[in-house]
>>> print(open('query-v4.txt').read())   # compact mmCIF, N, CA and C atoms
# COMPACT_ATOMS: atom_id res chain seq x y z
N MET S 1 -121.90 -167.47 20.69
CA MET S 1 -122.58 -166.91 19.54
C MET S 1 -123.98 -166.45 19.94
N ASP S 2 -124.35 -165.27 19.46
CA ASP S 2 -125.65 -164.70 19.76
C ASP S 2 -126.65 -165.14 18.69
N PHE S 3 -127.42 -166.15 19.00
CA PHE S 3 -128.39 -166.67 18.04
C PHE S 3 -129.56 -165.71 17.83
N SER S 4 -129.79 -164.80 18.77
CA SER S 4 -130.93 -163.88 18.64
C SER S 4 -130.75 -162.89 17.49
N ALA S 5 -129.50 -162.72 17.04
CA ALA S 5 -129.23 -161.78 15.95
C ALA S 5 -129.31 -162.42 14.58
N LEU S 6 -129.49 -163.74 14.52
CA LEU S 6 -129.49 -164.46 13.25
C LEU S 6 -130.86 -164.42 12.57
N THR S 7 -130.83 -164.32 11.25
CA THR S 7 -132.03 -164.52 10.44
C THR S 7 -131.80 -165.79 9.63
N ILE S 8 -132.70 -166.75 9.80
CA ILE S 8 -132.52 -168.07 9.21
C ILE S 8 -133.71 -168.40 8.31
N LEU S 9 -133.41 -168.88 7.12
CA LEU S 9 -134.44 -169.31 6.17
C LEU S 9 -134.54 -170.83 6.21
N ILE S 10 -135.71 -171.33 6.60
CA ILE S 10 -136.00 -172.76 6.60
C ILE S 10 -136.72 -173.08 5.29
N VAL S 11 -136.22 -174.11 4.58
CA VAL S 11 -136.86 -174.52 3.33
C VAL S 11 -137.25 -175.99 3.47
N ASP S 12 -138.54 -176.23 3.58
CA ASP S 12 -139.03 -177.61 3.74
C ASP S 12 -140.48 -177.64 3.29
N ASP S 13 -140.86 -178.67 2.57
CA ASP S 13 -142.23 -178.76 2.06
C ASP S 13 -143.20 -179.33 3.09
N GLU S 14 -142.71 -179.81 4.22
CA GLU S 14 -143.58 -180.38 5.24
C GLU S 14 -143.76 -179.40 6.39
N GLN S 15 -145.01 -179.03 6.65
CA GLN S 15 -145.29 -178.06 7.71
C GLN S 15 -144.84 -178.55 9.08
N PHE S 16 -144.98 -179.85 9.34
CA PHE S 16 -144.57 -180.39 10.63
C PHE S 16 -143.06 -180.20 10.83
N ALA S 17 -142.29 -180.48 9.78
CA ALA S 17 -140.83 -180.32 9.86
C ALA S 17 -140.47 -178.84 10.06
N GLN S 18 -141.19 -177.95 9.38
CA GLN S 18 -140.96 -176.51 9.55
C GLN S 18 -141.19 -176.11 11.01
N MET S 19 -142.28 -176.61 11.58
CA MET S 19 -142.63 -176.27 12.96
C MET S 19 -141.59 -176.79 13.95
N ILE S 20 -141.17 -178.04 13.78
CA ILE S 20 -140.18 -178.64 14.68
C ILE S 20 -138.87 -177.85 14.63
N LEU S 21 -138.38 -177.59 13.43
CA LEU S 21 -137.12 -176.87 13.28
C LEU S 21 -137.24 -175.45 13.83
N SER S 22 -138.36 -174.81 13.58
CA SER S 22 -138.59 -173.46 14.10
C SER S 22 -138.55 -173.46 15.63
N LYS S 23 -139.19 -174.43 16.25
CA LYS S 23 -139.20 -174.52 17.72
C LYS S 23 -137.80 -174.76 18.26
N VAL S 24 -137.03 -175.64 17.62
CA VAL S 24 -135.67 -175.90 18.08
C VAL S 24 -134.82 -174.63 17.95
N LEU S 25 -134.96 -173.92 16.83
CA LEU S 25 -134.22 -172.67 16.64
C LEU S 25 -134.60 -171.64 17.70
N GLN S 26 -135.89 -171.54 18.01
CA GLN S 26 -136.33 -170.61 19.05
C GLN S 26 -135.73 -171.00 20.40
N GLY S 27 -135.64 -172.30 20.65
CA GLY S 27 -135.02 -172.78 21.89
C GLY S 27 -133.54 -172.42 21.98
N LEU S 28 -132.90 -172.24 20.83
CA LEU S 28 -131.49 -171.83 20.79
C LEU S 28 -131.35 -170.31 20.90
N GLY S 29 -132.48 -169.60 20.86
CA GLY S 29 -132.43 -168.16 21.03
C GLY S 29 -132.75 -167.35 19.78
N VAL S 30 -133.05 -168.04 18.65
CA VAL S 30 -133.40 -167.31 17.43
C VAL S 30 -134.81 -166.74 17.61
N SER S 31 -134.95 -165.46 17.35
CA SER S 31 -136.24 -164.79 17.49
C SER S 31 -137.21 -165.31 16.43
N VAL S 32 -138.46 -165.52 16.82
CA VAL S 32 -139.47 -166.04 15.90
C VAL S 32 -139.62 -165.12 14.68
N GLU S 33 -139.42 -163.82 14.88
CA GLU S 33 -139.53 -162.87 13.77
C GLU S 33 -138.39 -163.02 12.77
N ARG S 34 -137.32 -163.68 13.18
CA ARG S 34 -136.15 -163.84 12.32
C ARG S 34 -136.07 -165.23 11.69
N ILE S 35 -137.14 -166.01 11.84
CA ILE S 35 -137.21 -167.32 11.20
C ILE S 35 -138.13 -167.19 10.00
N LEU S 36 -137.55 -167.32 8.82
CA LEU S 36 -138.31 -167.24 7.58
C LEU S 36 -138.56 -168.65 7.09
N ILE S 37 -139.72 -168.87 6.48
CA ILE S 37 -140.07 -170.22 6.02
C ILE S 37 -140.50 -170.19 4.57
N ALA S 38 -139.94 -171.12 3.80
CA ALA S 38 -140.35 -171.32 2.41
C ALA S 38 -140.67 -172.80 2.25
N ASP S 39 -141.76 -173.10 1.53
CA ASP S 39 -142.11 -174.51 1.37
C ASP S 39 -141.67 -175.10 0.04
N THR S 40 -141.00 -174.31 -0.79
CA THR S 40 -140.42 -174.81 -2.04
C THR S 40 -139.10 -174.10 -2.29
N GLY S 41 -138.30 -174.68 -3.16
CA GLY S 41 -137.05 -174.03 -3.55
C GLY S 41 -137.29 -172.70 -4.23
N MET S 42 -138.31 -172.63 -5.07
CA MET S 42 -138.62 -171.36 -5.75
C MET S 42 -139.02 -170.28 -4.74
N ALA S 43 -139.83 -170.66 -3.76
CA ALA S 43 -140.22 -169.70 -2.72
C ALA S 43 -139.00 -169.23 -1.94
N ALA S 44 -138.04 -170.13 -1.72
CA ALA S 44 -136.80 -169.75 -1.02
C ALA S 44 -136.01 -168.74 -1.83
N LEU S 45 -135.89 -168.98 -3.12
CA LEU S 45 -135.16 -168.04 -3.99
C LEU S 45 -135.85 -166.66 -3.99
N GLU S 46 -137.18 -166.67 -4.00
CA GLU S 46 -137.92 -165.42 -3.96
C GLU S 46 -137.67 -164.67 -2.65
N GLN S 47 -137.61 -165.42 -1.53
CA GLN S 47 -137.34 -164.77 -0.24
C GLN S 47 -135.93 -164.20 -0.20
N LEU S 48 -134.96 -164.95 -0.73
CA LEU S 48 -133.58 -164.45 -0.77
C LEU S 48 -133.51 -163.17 -1.61
N GLU S 49 -134.25 -163.14 -2.69
CA GLU S 49 -134.25 -161.99 -3.59
C GLU S 49 -134.92 -160.76 -2.95
N SER S 50 -136.02 -160.98 -2.26
CA SER S 50 -136.84 -159.85 -1.83
C SER S 50 -136.70 -159.44 -0.37
N HIS S 51 -136.10 -160.26 0.46
CA HIS S 51 -136.01 -159.94 1.89
C HIS S 51 -135.22 -158.65 2.08
N PRO S 52 -135.79 -157.69 2.81
CA PRO S 52 -135.14 -156.38 2.94
C PRO S 52 -133.88 -156.39 3.79
N GLY S 53 -133.77 -157.35 4.70
CA GLY S 53 -132.59 -157.42 5.56
C GLY S 53 -131.59 -158.43 5.03
N THR S 54 -130.75 -158.91 5.94
CA THR S 54 -129.77 -159.92 5.58
C THR S 54 -130.20 -161.26 6.14
N ILE S 55 -130.16 -162.28 5.32
CA ILE S 55 -130.41 -163.65 5.76
C ILE S 55 -129.04 -164.27 6.01
N ASP S 56 -128.87 -164.85 7.20
CA ASP S 56 -127.55 -165.35 7.61
C ASP S 56 -127.30 -166.81 7.28
N LEU S 57 -128.36 -167.59 7.11
CA LEU S 57 -128.21 -169.04 6.97
C LEU S 57 -129.44 -169.63 6.29
N VAL S 58 -129.21 -170.63 5.45
CA VAL S 58 -130.31 -171.41 4.87
C VAL S 58 -130.22 -172.82 5.44
N ILE S 59 -131.35 -173.34 5.89
CA ILE S 59 -131.46 -174.74 6.29
C ILE S 59 -132.53 -175.35 5.41
N SER S 60 -132.13 -176.28 4.55
CA SER S 60 -133.05 -176.82 3.55
C SER S 60 -133.15 -178.34 3.64
N ASP S 61 -134.35 -178.83 3.43
CA ASP S 61 -134.57 -180.26 3.28
C ASP S 61 -133.96 -180.69 1.94
N ILE S 62 -133.57 -181.95 1.85
CA ILE S 62 -133.05 -182.46 0.58
C ILE S 62 -134.20 -182.81 -0.35
N GLU S 63 -135.12 -183.61 0.14
CA GLU S 63 -136.19 -184.15 -0.71
C GLU S 63 -137.41 -183.23 -0.69
N MET S 64 -137.59 -182.52 -1.79
CA MET S 64 -138.78 -181.67 -1.94
C MET S 64 -139.25 -181.80 -3.39
N PRO S 65 -140.56 -181.63 -3.62
CA PRO S 65 -141.03 -181.66 -5.00
C PRO S 65 -140.56 -180.43 -5.77
N GLU S 66 -140.51 -180.52 -7.04
CA GLU S 66 -140.15 -179.44 -7.97
C GLU S 66 -138.67 -179.09 -7.97
N MET S 67 -138.06 -178.90 -6.79
CA MET S 67 -136.64 -178.55 -6.72
C MET S 67 -136.07 -179.16 -5.44
N THR S 68 -135.07 -180.03 -5.57
CA THR S 68 -134.47 -180.63 -4.37
C THR S 68 -133.60 -179.60 -3.65
N GLY S 69 -133.21 -179.94 -2.46
CA GLY S 69 -132.31 -179.07 -1.71
C GLY S 69 -130.98 -178.87 -2.43
N PHE S 70 -130.49 -179.93 -3.09
CA PHE S 70 -129.24 -179.80 -3.83
C PHE S 70 -129.40 -178.87 -5.03
N GLU S 71 -130.54 -178.94 -5.70
CA GLU S 71 -130.79 -178.03 -6.83
C GLU S 71 -130.88 -176.59 -6.34
N LEU S 72 -131.51 -176.39 -5.18
CA LEU S 72 -131.58 -175.05 -4.59
C LEU S 72 -130.17 -174.56 -4.28
N ALA S 73 -129.37 -175.39 -3.67
CA ALA S 73 -127.99 -175.01 -3.32
C ALA S 73 -127.20 -174.65 -4.58
N ARG S 74 -127.37 -175.43 -5.63
CA ARG S 74 -126.65 -175.16 -6.89
C ARG S 74 -127.04 -173.80 -7.45
N LYS S 75 -128.33 -173.50 -7.45
CA LYS S 75 -128.79 -172.20 -7.97
C LYS S 75 -128.21 -171.05 -7.13
N ILE S 76 -128.20 -171.23 -5.82
CA ILE S 76 -127.65 -170.19 -4.94
C ILE S 76 -126.15 -170.04 -5.18
N ARG S 77 -125.43 -171.14 -5.24
CA ARG S 77 -123.97 -171.08 -5.42
C ARG S 77 -123.58 -170.51 -6.78
N TYR S 78 -124.41 -170.70 -7.80
CA TYR S 78 -124.11 -170.15 -9.12
C TYR S 78 -124.55 -168.69 -9.25
N GLY S 79 -125.10 -168.13 -8.16
CA GLY S 79 -125.35 -166.70 -8.12
C GLY S 79 -126.68 -166.24 -8.64
N ILE S 80 -127.71 -167.10 -8.58
CA ILE S 80 -129.03 -166.66 -9.04
C ILE S 80 -129.49 -165.45 -8.21
N VAL S 81 -129.08 -165.40 -6.94
CA VAL S 81 -129.26 -164.21 -6.10
C VAL S 81 -127.83 -163.86 -5.66
N GLU S 82 -127.20 -162.98 -6.41
CA GLU S 82 -125.76 -162.72 -6.30
C GLU S 82 -125.27 -162.49 -4.87
N ARG S 83 -126.00 -161.72 -4.09
CA ARG S 83 -125.48 -161.39 -2.75
C ARG S 83 -125.47 -162.59 -1.80
N TYR S 84 -126.10 -163.69 -2.18
CA TYR S 84 -126.15 -164.88 -1.32
C TYR S 84 -125.36 -166.07 -1.87
N ARG S 85 -124.47 -165.82 -2.82
CA ARG S 85 -123.67 -166.93 -3.40
C ARG S 85 -122.94 -167.75 -2.35
N LYS S 86 -122.50 -167.09 -1.29
CA LYS S 86 -121.67 -167.76 -0.28
C LYS S 86 -122.39 -167.91 1.05
N ILE S 87 -123.70 -167.81 1.05
CA ILE S 87 -124.46 -167.94 2.30
C ILE S 87 -124.23 -169.34 2.89
N PRO S 88 -124.02 -169.42 4.20
CA PRO S 88 -123.92 -170.74 4.81
C PRO S 88 -125.20 -171.53 4.57
N PHE S 89 -125.03 -172.82 4.26
CA PHE S 89 -126.15 -173.65 3.83
C PHE S 89 -126.07 -175.01 4.53
N LEU S 90 -127.07 -175.30 5.34
CA LEU S 90 -127.16 -176.60 6.01
C LEU S 90 -128.29 -177.40 5.37
N MET S 91 -128.08 -178.70 5.28
CA MET S 91 -129.05 -179.57 4.64
C MET S 91 -129.68 -180.52 5.66
N LEU S 92 -131.01 -180.60 5.63
CA LEU S 92 -131.75 -181.55 6.46
C LEU S 92 -131.89 -182.87 5.71
N THR S 93 -131.67 -183.95 6.41
CA THR S 93 -131.77 -185.25 5.77
C THR S 93 -132.37 -186.27 6.72
N GLY S 94 -133.03 -187.25 6.14
CA GLY S 94 -133.57 -188.34 6.94
C GLY S 94 -132.48 -189.30 7.36
N GLN S 95 -131.40 -189.33 6.59
CA GLN S 95 -130.28 -190.23 6.91
C GLN S 95 -128.99 -189.69 6.30
N ASP S 96 -127.93 -189.90 7.03
CA ASP S 96 -126.61 -189.49 6.57
C ASP S 96 -126.07 -190.59 5.65
N THR S 97 -125.88 -190.30 4.37
CA THR S 97 -125.36 -191.31 3.45
C THR S 97 -124.11 -190.78 2.76
N GLU S 98 -123.33 -191.68 2.23
CA GLU S 98 -122.12 -191.28 1.50
C GLU S 98 -122.49 -190.49 0.24
N ASP S 99 -123.59 -190.86 -0.41
CA ASP S 99 -124.02 -190.13 -1.60
C ASP S 99 -124.36 -188.68 -1.25
N ASN S 100 -125.06 -188.48 -0.12
CA ASN S 100 -125.36 -187.11 0.32
C ASN S 100 -124.08 -186.34 0.62
N ALA S 101 -123.13 -186.99 1.27
CA ALA S 101 -121.87 -186.33 1.60
C ALA S 101 -121.13 -185.92 0.33
N ARG S 102 -121.13 -186.80 -0.68
CA ARG S 102 -120.47 -186.49 -1.96
C ARG S 102 -121.15 -185.30 -2.63
N LYS S 103 -122.47 -185.34 -2.71
CA LYS S 103 -123.21 -184.23 -3.31
C LYS S 103 -123.02 -182.95 -2.50
N GLY S 104 -122.91 -183.09 -1.19
CA GLY S 104 -122.69 -181.94 -0.33
C GLY S 104 -121.38 -181.24 -0.63
N ARG S 105 -120.34 -182.02 -0.89
CA ARG S 105 -119.04 -181.42 -1.24
C ARG S 105 -119.14 -180.70 -2.59
N ILE S 106 -119.81 -181.31 -3.54
CA ILE S 106 -119.96 -180.71 -4.87
C ILE S 106 -120.70 -179.37 -4.78
N HIS S 107 -121.74 -179.32 -3.96
CA HIS S 107 -122.59 -178.13 -3.87
C HIS S 107 -122.19 -177.17 -2.75
N LYS S 108 -121.04 -177.45 -2.12
CA LYS S 108 -120.52 -176.58 -1.05
C LYS S 108 -121.51 -176.41 0.10
N ILE S 109 -122.07 -177.55 0.52
CA ILE S 109 -122.97 -177.57 1.68
C ILE S 109 -122.09 -177.50 2.93
N ASP S 110 -122.51 -176.68 3.89
CA ASP S 110 -121.71 -176.47 5.09
C ASP S 110 -121.96 -177.50 6.19
N GLY S 111 -122.93 -178.37 6.01
CA GLY S 111 -123.18 -179.40 7.00
C GLY S 111 -124.53 -180.05 6.79
N PHE S 112 -124.70 -181.19 7.43
CA PHE S 112 -125.95 -181.95 7.36
C PHE S 112 -126.54 -182.08 8.75
N ILE S 113 -127.85 -182.01 8.82
CA ILE S 113 -128.58 -182.18 10.07
C ILE S 113 -129.54 -183.35 9.84
N VAL S 114 -129.43 -184.37 10.68
CA VAL S 114 -130.33 -185.51 10.57
C VAL S 114 -131.63 -185.17 11.29
N LYS S 115 -132.75 -185.45 10.60
CA LYS S 115 -134.07 -185.21 11.19
C LYS S 115 -134.38 -186.30 12.20
N PRO S 116 -135.09 -185.99 13.26
CA PRO S 116 -135.43 -184.65 13.74
C PRO S 116 -134.19 -183.99 14.36
N PRO S 117 -134.06 -182.69 14.22
CA PRO S 117 -132.86 -182.01 14.72
C PRO S 117 -132.79 -182.01 16.25
N LYS S 118 -131.62 -182.34 16.77
CA LYS S 118 -131.39 -182.27 18.21
C LYS S 118 -130.76 -180.90 18.50
N PRO S 119 -131.22 -180.21 19.54
CA PRO S 119 -130.73 -178.86 19.81
C PRO S 119 -129.20 -178.72 19.85
N ASP S 120 -128.52 -179.62 20.56
CA ASP S 120 -127.06 -179.49 20.66
C ASP S 120 -126.38 -179.69 19.31
N ASP S 121 -126.88 -180.64 18.53
CA ASP S 121 -126.31 -180.88 17.19
C ASP S 121 -126.56 -179.67 16.29
N LEU S 122 -127.77 -179.14 16.33
CA LEU S 122 -128.11 -177.99 15.50
C LEU S 122 -127.26 -176.78 15.89
N ARG S 123 -127.11 -176.55 17.18
CA ARG S 123 -126.27 -175.44 17.65
C ARG S 123 -124.85 -175.57 17.11
N LEU S 124 -124.27 -176.74 17.21
CA LEU S 124 -122.91 -176.98 16.74
C LEU S 124 -122.81 -176.79 15.22
N ARG S 125 -123.77 -177.31 14.48
CA ARG S 125 -123.76 -177.20 13.01
C ARG S 125 -123.87 -175.73 12.57
N ILE S 126 -124.73 -174.98 13.25
CA ILE S 126 -124.89 -173.56 12.91
C ILE S 126 -123.60 -172.80 13.24
N GLN S 127 -123.04 -173.04 14.42
CA GLN S 127 -121.81 -172.34 14.79
C GLN S 127 -120.69 -172.66 13.82
N THR S 128 -120.57 -173.92 13.42
CA THR S 128 -119.54 -174.33 12.47
C THR S 128 -119.77 -173.68 11.11
N ALA S 129 -121.01 -173.68 10.63
CA ALA S 129 -121.32 -173.11 9.32
C ALA S 129 -121.05 -171.61 9.28
N LEU S 130 -121.27 -170.92 10.38
CA LEU S 130 -121.13 -169.47 10.40
C LEU S 130 -119.72 -169.01 10.77
N SER S 131 -118.85 -169.95 11.14
CA SER S 131 -117.49 -169.54 11.52
C SER S 131 -116.54 -169.52 10.34
>>> encode(input="query-v4.txt", output="structure tokens")
Amino acid sequence: MDFSALTILIVDDEQFAQMILSKVLQGLGVSVERILIADTGMAALEQLESHPGTIDLVISDIEMPEMTGFELARKIRYGIVERYRKIPFLMLTGQDTEDNARKGRIHKIDGFIVKPPKPDDLRLRIQTALS
């Protein structure tokens, strides 16, 4: 898979987490110009609505103020930005729990990434989500 052609939207309220994930994605070959960052769910929806190109994947934290990652996923899946209803969606989590897995199935999450992301795990999760 050619990661350099992907445009990925990172949604996380913590700048440190944004930076770490961005660096790991760059290490996988994603161009820095193709990494979009939103620090809230609302900012993510605005980017999905206004971005002139195609966004290939959303990677969102679960725990954020104002709108959780699951709430963001629900809004996207219900078509708040129609062209992205089926966008692959990966969720960042501090821990893999059965409750998260259950909510993930409900919201059609394509996979979970435990923080901090390991390059090989992230590569596999992205490839799986996009296939």
>>> atom_distance(input="query-v4.txt", atom1="atom N of Asp120 of chain S", atom2="atom CA of Asp56 of chain S")
19.3 Å
>>> atom_distance(input="query-v4.txt", atom1="atom CA of Ala38 of chain S", atom2="atom N of Gln18 of chain S")
9.7 Å
>>> closest_residue(input="query-v4.txt", among="S:Ile37, S:Ile109, S:Leu90, S:Ala5", to="Met19 of chain S", atoms="only C-alpha atoms")
S:Ile37
>>> atom_distance(input="query-v4.txt", atom1="atom N of Ile76 of chain S", atom2="atom CA of Gly27 of chain S")
28.6 Å
>>> residues_around(input="query-v4.txt", residues="Ile35 of chain S", least_positions_apart="5", cutoff="7 Å", atoms="all atoms listed in the file", output="PDB file with N, CA and C atoms, keeping the file's coordinate frame")
ATOM      1  N   LEU S   6    -129.490-163.740  14.520  1.00  0.00           N
ATOM      2  CA  LEU S   6    -129.490-164.460  13.250  1.00  0.00           C
ATOM      3  C   LEU S   6    -130.860-164.420  12.570  1.00  0.00           C
ATOM      4  N   THR S   7    -130.830-164.320  11.250  1.00  0.00           N
ATOM      5  CA  THR S   7    -132.030-164.520  10.440  1.00  0.00           C
ATOM      6  C   THR S   7    -131.800-165.790   9.630  1.00  0.00           C
ATOM      7  N   ILE S   8    -132.700-166.750   9.800  1.00  0.00           N
ATOM      8  CA  ILE S   8    -132.520-168.070   9.210  1.00  0.00           C
ATOM      9  C   ILE S   8    -133.710-168.400   8.310  1.00  0.00           C
ATOM     10  N   LEU S   9    -133.410-168.880   7.120  1.00  0.00           N
ATOM     11  CA  LEU S   9    -134.440-169.310   6.170  1.00  0.00           C
ATOM     12  C   LEU S   9    -134.540-170.830   6.210  1.00  0.00           C
ATOM     13  N   ILE S  10    -135.710-171.330   6.600  1.00  0.00           N
ATOM     14  CA  ILE S  10    -136.000-172.760   6.600  1.00  0.00           C
ATOM     15  C   ILE S  10    -136.720-173.080   5.290  1.00  0.00           C
ATOM     16  N   SER S  22    -138.360-174.810  13.580  1.00  0.00           N
ATOM     17  CA  SER S  22    -138.590-173.460  14.100  1.00  0.00           C
ATOM     18  C   SER S  22    -138.550-173.460  15.630  1.00  0.00           C
ATOM     19  N   VAL S  30    -133.050-168.040  18.650  1.00  0.00           N
ATOM     20  CA  VAL S  30    -133.400-167.310  17.430  1.00  0.00           C
ATOM     21  C   VAL S  30    -134.810-166.740  17.610  1.00  0.00           C
TER      22      VAL S  30
END
>>> select_by_dssp(input="query-v4.txt", residues="chain S", states="strand (DSSP E)", output="list in words")
Ile8, Leu9, Ile10, Val11, Ile35, Leu36, Ile37, Ala38, Leu57, Val58, Ile59, Ser60, Asp61, Phe89, Leu90, Met91, Leu92, Thr93, Gly111, Phe112, Ile113 and Val114 of chain S
>>> residues_around(input="query-v4.txt", residues="segment 97-101 of chain S", least_positions_apart="3", cutoff="10 Å", atoms="only C-alpha atoms", output="VMD selection string")
chain S and resid 62 70 91 93 to 94 104 to 107 109 111 to 112
>>> select_by_dssp(input="query-v4.txt", residues="chain S", states="helix (DSSP H, G or I)", output="VMD selection string")
chain S and resid 3 to 5 15 to 27 32 to 34 41 to 50 69 to 77 82 to 84 98 to 106 119 to 130
